[in-house]
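Pasted below: work.txt, compact mmCIF, C-alpha atoms.
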```
# COMPACT_ATOMS: atom_id res chain seq x y z
CA MET A 22 -21.97 14.53 76.19
CA ASN A 23 -22.71 13.17 79.66
CA GLN A 24 -24.64 9.91 79.33
CA ASN A 25 -27.01 10.59 82.21
CA ASN A 26 -27.89 13.96 80.74
CA TYR A 27 -28.43 12.27 77.39
CA SER A 28 -30.87 9.77 78.92
CA ARG A 29 -32.87 12.41 80.79
CA LYS A 30 -33.01 14.66 77.75
CA HIS A 31 -34.32 11.97 75.45
CA MET A 32 -36.57 10.14 77.93
CA PRO A 33 -39.78 12.08 77.01
CA VAL A 34 -39.31 11.15 73.35
CA ARG A 35 -38.80 7.50 74.18
CA LEU A 36 -41.74 7.42 76.54
CA ALA A 37 -43.90 9.04 73.89
CA LEU A 38 -42.82 6.31 71.51
CA LEU A 39 -43.72 3.65 74.05
CA LEU A 40 -47.13 5.19 74.59
CA ALA A 41 -47.71 5.40 70.86
CA LEU A 42 -46.82 1.75 70.45
CA ALA A 43 -49.01 0.78 73.37
CA GLY A 44 -51.91 2.68 71.86
CA THR A 45 -51.38 0.94 68.55
CA GLY A 46 -51.27 -2.41 70.28
CA THR A 47 -54.58 -1.72 71.99
CA ALA A 48 -56.18 -0.83 68.68
CA LEU A 49 -54.87 -4.01 67.07
CA ALA A 50 -56.04 -6.10 70.01
CA GLN A 51 -59.56 -4.78 69.55
CA VAL A 52 -59.53 -5.88 65.91
CA GLU A 53 -57.95 -9.29 66.42
CA THR A 54 -57.87 -10.73 69.92
CA THR A 55 -56.87 -14.28 69.01
CA ASN A 56 -53.21 -13.44 68.28
CA PRO A 57 -50.96 -11.85 70.91
CA VAL A 58 -49.72 -8.35 70.07
CA PRO A 59 -45.90 -7.95 70.18
CA THR A 60 -44.73 -5.50 72.82
CA LEU A 61 -41.66 -3.29 72.54
CA GLN A 62 -40.18 -2.23 75.87
CA ILE A 63 -37.76 0.70 76.06
CA LYS A 64 -35.98 1.17 79.37
CA ALA A 65 -34.54 4.66 79.07
CA ASP A 66 -33.06 4.59 82.55
CA LEU A 67 -31.11 1.36 82.04
CA VAL A 68 -27.45 1.90 81.05
CA THR A 69 -26.18 -1.10 79.09
CA ALA A 70 -22.95 0.36 77.70
CA LYS A 71 -20.74 3.34 78.35
CA VAL A 72 -20.10 5.83 75.56
CA SER A 73 -16.82 7.68 75.35
CA PRO A 74 -17.16 11.40 76.19
CA MET A 75 -14.96 12.02 73.13
CA LEU A 76 -17.61 10.59 70.80
CA TYR A 77 -19.64 13.20 68.95
CA GLY A 78 -22.40 12.93 66.40
CA LEU A 79 -21.94 13.90 62.77
CA MET A 80 -24.37 14.16 59.89
CA THR A 81 -23.05 13.36 56.44
CA GLU A 82 -24.71 13.84 53.06
CA GLU A 83 -23.84 11.68 50.08
CA ILE A 84 -25.01 14.47 47.78
CA ASN A 85 -22.01 16.47 48.98
CA TYR A 86 -19.59 13.55 48.47
CA ALA A 87 -19.10 12.97 52.19
CA TYR A 88 -18.57 9.29 51.42
CA GLU A 89 -17.70 8.80 47.76
CA GLY A 90 -14.57 10.80 47.12
CA GLY A 91 -14.41 11.73 50.81
CA LEU A 92 -14.34 9.00 53.45
CA TYR A 93 -14.43 6.52 50.56
CA GLY A 94 -10.94 5.06 50.22
CA GLU A 95 -10.88 4.42 46.47
CA LEU A 96 -9.32 6.96 44.11
CA ILE A 97 -11.02 5.81 40.89
CA ARG A 98 -14.37 7.34 40.04
CA ASN A 99 -17.09 5.09 38.57
CA ARG A 100 -14.86 2.05 38.84
CA THR A 101 -17.77 -0.35 38.15
CA PHE A 102 -18.99 1.64 35.10
CA LYS A 103 -22.52 1.87 36.52
CA ALA A 104 -22.80 5.60 37.13
CA ASN A 105 -24.57 5.94 33.78
CA PRO A 106 -26.24 3.05 31.93
CA THR A 107 -25.33 4.29 28.46
CA ASN A 108 -22.11 6.23 28.88
CA ALA A 109 -18.77 5.53 30.57
CA VAL A 110 -18.82 8.77 32.54
CA PHE A 111 -15.57 9.90 34.21
CA TRP A 112 -13.59 7.70 31.82
CA ASN A 113 -11.88 9.14 28.75
CA ALA A 114 -10.30 7.58 25.70
CA ILE A 115 -6.70 8.55 24.96
CA GLY A 116 -4.81 8.28 21.71
CA ASN A 117 -6.97 6.86 18.95
CA ALA A 118 -8.88 4.56 21.29
CA VAL A 119 -12.64 4.09 21.20
CA ILE A 120 -14.44 3.10 24.41
CA SER A 121 -17.95 1.84 25.12
CA LEU A 122 -19.91 -0.03 27.78
CA ASP A 123 -20.31 -3.77 27.28
CA THR A 124 -22.85 -6.09 28.96
CA ASN A 125 -22.43 -9.09 26.68
CA THR A 126 -19.83 -10.93 28.76
CA PRO A 127 -20.15 -9.96 32.43
CA LEU A 128 -17.51 -10.82 34.99
CA ASN A 129 -20.21 -11.98 37.39
CA ALA A 130 -23.77 -11.15 38.47
CA ALA A 131 -22.64 -8.13 40.50
CA LEU A 132 -20.07 -6.78 38.03
CA ASN A 133 -22.15 -7.15 34.90
CA VAL A 134 -20.85 -4.10 33.01
CA SER A 135 -17.38 -3.75 31.58
CA LEU A 136 -15.53 -1.07 29.65
CA LYS A 137 -14.64 -2.11 26.10
CA LEU A 138 -11.43 -0.59 24.75
CA ASP A 139 -10.96 -0.67 20.99
CA ALA A 140 -7.24 -0.15 20.45
CA SER A 141 -7.21 -1.13 16.80
CA LYS A 142 -5.35 2.06 15.89
CA ALA A 143 -2.73 1.86 18.62
CA ALA A 144 0.86 2.37 17.56
CA LYS A 145 4.30 2.51 19.16
CA ASN A 146 4.41 6.27 18.92
CA SER A 147 0.70 6.67 19.67
CA PRO A 148 -0.51 4.61 22.67
CA ALA A 149 -4.24 4.03 22.96
CA GLY A 150 -6.08 3.53 26.21
CA ILE A 151 -8.31 4.88 28.93
CA ALA A 152 -7.91 7.51 31.64
CA ASN A 153 -9.71 8.32 34.87
CA GLY A 154 -9.27 11.59 36.74
CA GLY A 155 -10.71 10.30 40.01
CA TYR A 156 -12.49 12.83 42.21
CA TRP A 157 -11.34 16.21 40.95
CA GLY A 158 -7.90 14.78 40.28
CA ILE A 159 -5.98 11.86 41.76
CA PRO A 160 -3.68 13.07 44.55
CA VAL A 161 -0.08 12.17 43.78
CA ARG A 162 2.40 12.35 46.66
CA PRO A 163 6.18 11.90 46.61
CA ASP A 164 7.66 8.55 47.71
CA THR A 165 4.23 6.92 47.91
CA THR A 166 3.06 3.45 46.89
CA TYR A 167 -0.28 2.99 45.10
CA HIS A 168 -1.92 -0.38 44.51
CA ALA A 169 -4.02 -0.85 41.38
CA SER A 170 -6.08 -3.92 40.48
CA PHE A 171 -8.53 -4.66 37.70
CA TYR A 172 -10.11 -7.50 35.73
CA ALA A 173 -9.44 -7.74 32.02
CA ARG A 174 -9.69 -10.07 29.06
CA GLY A 175 -8.45 -9.72 25.50
CA LYS A 176 -10.09 -10.27 22.14
CA GLY A 177 -7.39 -10.56 19.54
CA PHE A 178 -5.17 -8.93 22.15
CA THR A 179 -2.57 -10.52 24.42
CA GLY A 180 -0.87 -7.41 25.82
CA PRO A 181 1.04 -5.74 27.11
CA LEU A 182 -0.75 -2.99 29.04
CA THR A 183 0.86 -0.12 30.91
CA VAL A 184 -0.72 1.23 34.09
CA ALA A 185 0.45 4.71 35.07
CA LEU A 186 -0.20 7.81 37.11
CA THR A 187 0.29 10.82 34.88
CA SER A 188 -0.42 14.53 34.77
CA THR A 189 -3.78 15.46 33.29
CA ASN A 190 -2.14 16.46 30.01
CA GLY A 191 -0.18 13.21 29.88
CA GLU A 192 3.19 14.91 29.58
CA THR A 193 4.48 13.83 33.01
CA VAL A 194 4.53 10.23 34.24
CA PHE A 195 4.73 10.02 38.02
CA ALA A 196 4.78 6.21 38.22
CA SER A 197 4.09 3.28 35.90
CA ALA A 198 4.06 -0.52 35.83
CA PRO A 199 3.61 -3.06 33.01
CA VAL A 200 1.11 -5.89 32.68
CA PRO A 201 2.99 -8.16 30.27
CA LYS A 202 0.19 -10.47 29.16
CA ILE A 203 -3.61 -10.44 28.99
CA ALA A 204 -5.60 -13.70 28.87
CA LYS A 205 -8.63 -14.46 26.69
CA LYS A 206 -10.81 -15.02 29.76
CA TRP A 207 -11.46 -12.73 32.69
CA GLN A 208 -8.49 -12.53 35.00
CA LYS A 209 -7.45 -10.22 37.82
CA TYR A 210 -4.32 -8.14 37.38
CA GLU A 211 -2.51 -6.19 40.07
CA VAL A 212 0.34 -3.71 39.92
CA THR A 213 2.20 -1.47 42.32
CA LEU A 214 2.90 2.14 41.39
CA THR A 215 5.63 3.84 43.39
CA THR A 216 6.41 7.52 43.04
CA GLY A 217 9.86 8.93 43.64
CA GLY A 218 10.78 12.51 44.40
CA VAL A 219 7.85 13.88 42.44
CA PRO A 220 6.14 17.14 43.39
CA LEU A 221 2.87 16.99 45.27
CA SER A 222 0.06 17.23 42.73
CA LYS A 223 -3.71 16.87 42.48
CA ASP A 224 -3.87 17.43 38.73
CA SER A 225 -3.25 13.78 37.96
CA ARG A 226 -5.01 10.79 36.47
CA LEU A 227 -4.81 7.01 36.14
CA VAL A 228 -4.00 5.76 32.64
CA ILE A 229 -4.16 2.21 31.25
CA SER A 230 -2.76 2.10 27.74
CA THR A 231 -1.17 -0.09 25.10
CA THR A 232 0.83 0.25 21.90
CA LYS A 233 -0.49 -3.10 20.56
CA ARG A 234 -3.64 -3.31 18.50
CA GLY A 235 -6.68 -5.25 19.63
CA THR A 236 -9.71 -5.13 21.89
CA VAL A 237 -9.62 -5.28 25.71
```

Would it be possible to restate this file's structure as structure tokens?
Amino acid sequence: MNQNNYSRKHMPVRLALLLALAGTGTALAQVETTNPVPTLQIKADLVTAKVSPMLYGLMTEEINYAYEGGLYGELIRNRTFKANPTNAVFWNAIGNAVISLDTNTPLNAALNVSLKLDASKAAKNSPAGIANGGYWGIPVRPDTTYHASFYARGKGFTGPLTVALTSTNGETVFASAPVPKIAKKWQKYEVTLTTGGVPLSKDSRLVISTTKRGTV
């Protein structure tokens, strides 16, 4: 849009705003004359910066996931466990795991809710853990590197954990990485998941699981 045209088109609105503010200022001055009334000046004809002609306006609506799950760069849905105060929505237990929200030992003032994983029935042939399907499936692409990070602490549990990208039914593992040891206190863990010549898929999920019993 041509900038001069933009200024002329919107000048009546800006002038109306200036008049409205001036009228308000007059009314305030009549009530209290001892204090000066702040004045807002809008110079619609003064160009202070040039706008690229390639720049266009766009309206986005969060209710339609324009940001979260759209422009939002994260692939994990409800990663802070605050989407629902009583239920870990978008997270599922796998194997014989039991999950619940925990506010007893927060990581910090901002991240004051954690996901408690009871893996007391985990076994070598029956891993227990959690899964997140992201926003209508996590997109898995061939020969692609994914970075995953999370905070964890163990209670009667020292690890290991396995972080993986799998199919929604769990039968196909696209990429996985181990976390050998979990500390008793909060600690950040990071892994890299690299896919090989896997087929392009959106029916995928993130899984964090263990075959050792304990609570994480």

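Across the model, the gap from atom CA of Leu138 of chain A to atom CA of Gly116 of chain A is 11.5 Å.
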
List the neighbours of Leu186 of chain A out to 12 Å using only C-alpha atoms; skip same-chain residues closer than 4 positions along the sequence, and give me the result as a ChimeraX atom specification. /A:96-97,151-155,158-162,165-169,190-198,212-216,219,222-230

Just the number, please: distance in Å from atom CA of Thr107 of chain A to atom CA of Asn133 of chain A, one decimal. 13.5 Å

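Between atom CA of Val237 of chain A and atom CA of Asn105 of chain A the separation is 20.4 Å.
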
Leaving out segment 206-209 of chain A and any residue of its chain fewer than 3 positions from it, which residues lie within 10 Å of it when counting only C-alpha atoms, given as a count of residues only? 12

Quick one: of A:Glu211, A:Val68, A:Leu221, A:Lys233, who's nearest to Pro148 of chain A, counting all atoms listed in the file? A:Lys233

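Considering the residues A:Pro59, A:Asp123, A:Tyr156, A:Gly150 and counting all atoms listed in the file, Tyr88 of chain A has its shortest atom-to-atom contact with A:Tyr156.
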
Check the smallest atom-to-atom distance from each of A:Tyr93, A:Trp157, A:Lys145, A:Ser73 to Phe111 of chain A using all atoms listed in the file, then report the winner. A:Trp157

Non-local contacts of Ile120 of chain A (8 Å; only C-alpha atoms; under 3 positions in same chain excluded) as a tab-separated table (two decimals) with C-alpha atoms, in the coordinates of the input:
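Just written: out.tsv:
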```
chain	number	residue	atom	x	y	z
A	109	ALA	CA	-18.77	5.53	30.57
A	113	ASN	CA	-11.88	9.14	28.75
A	114	ALA	CA	-10.30	7.58	25.70
A	136	LEU	CA	-15.53	-1.07	29.65
A	137	LYS	CA	-14.64	-2.11	26.10
A	138	LEU	CA	-11.43	-0.59	24.75
A	139	ASP	CA	-10.96	-0.67	20.99
A	151	ILE	CA	-8.31	4.88	28.93
```
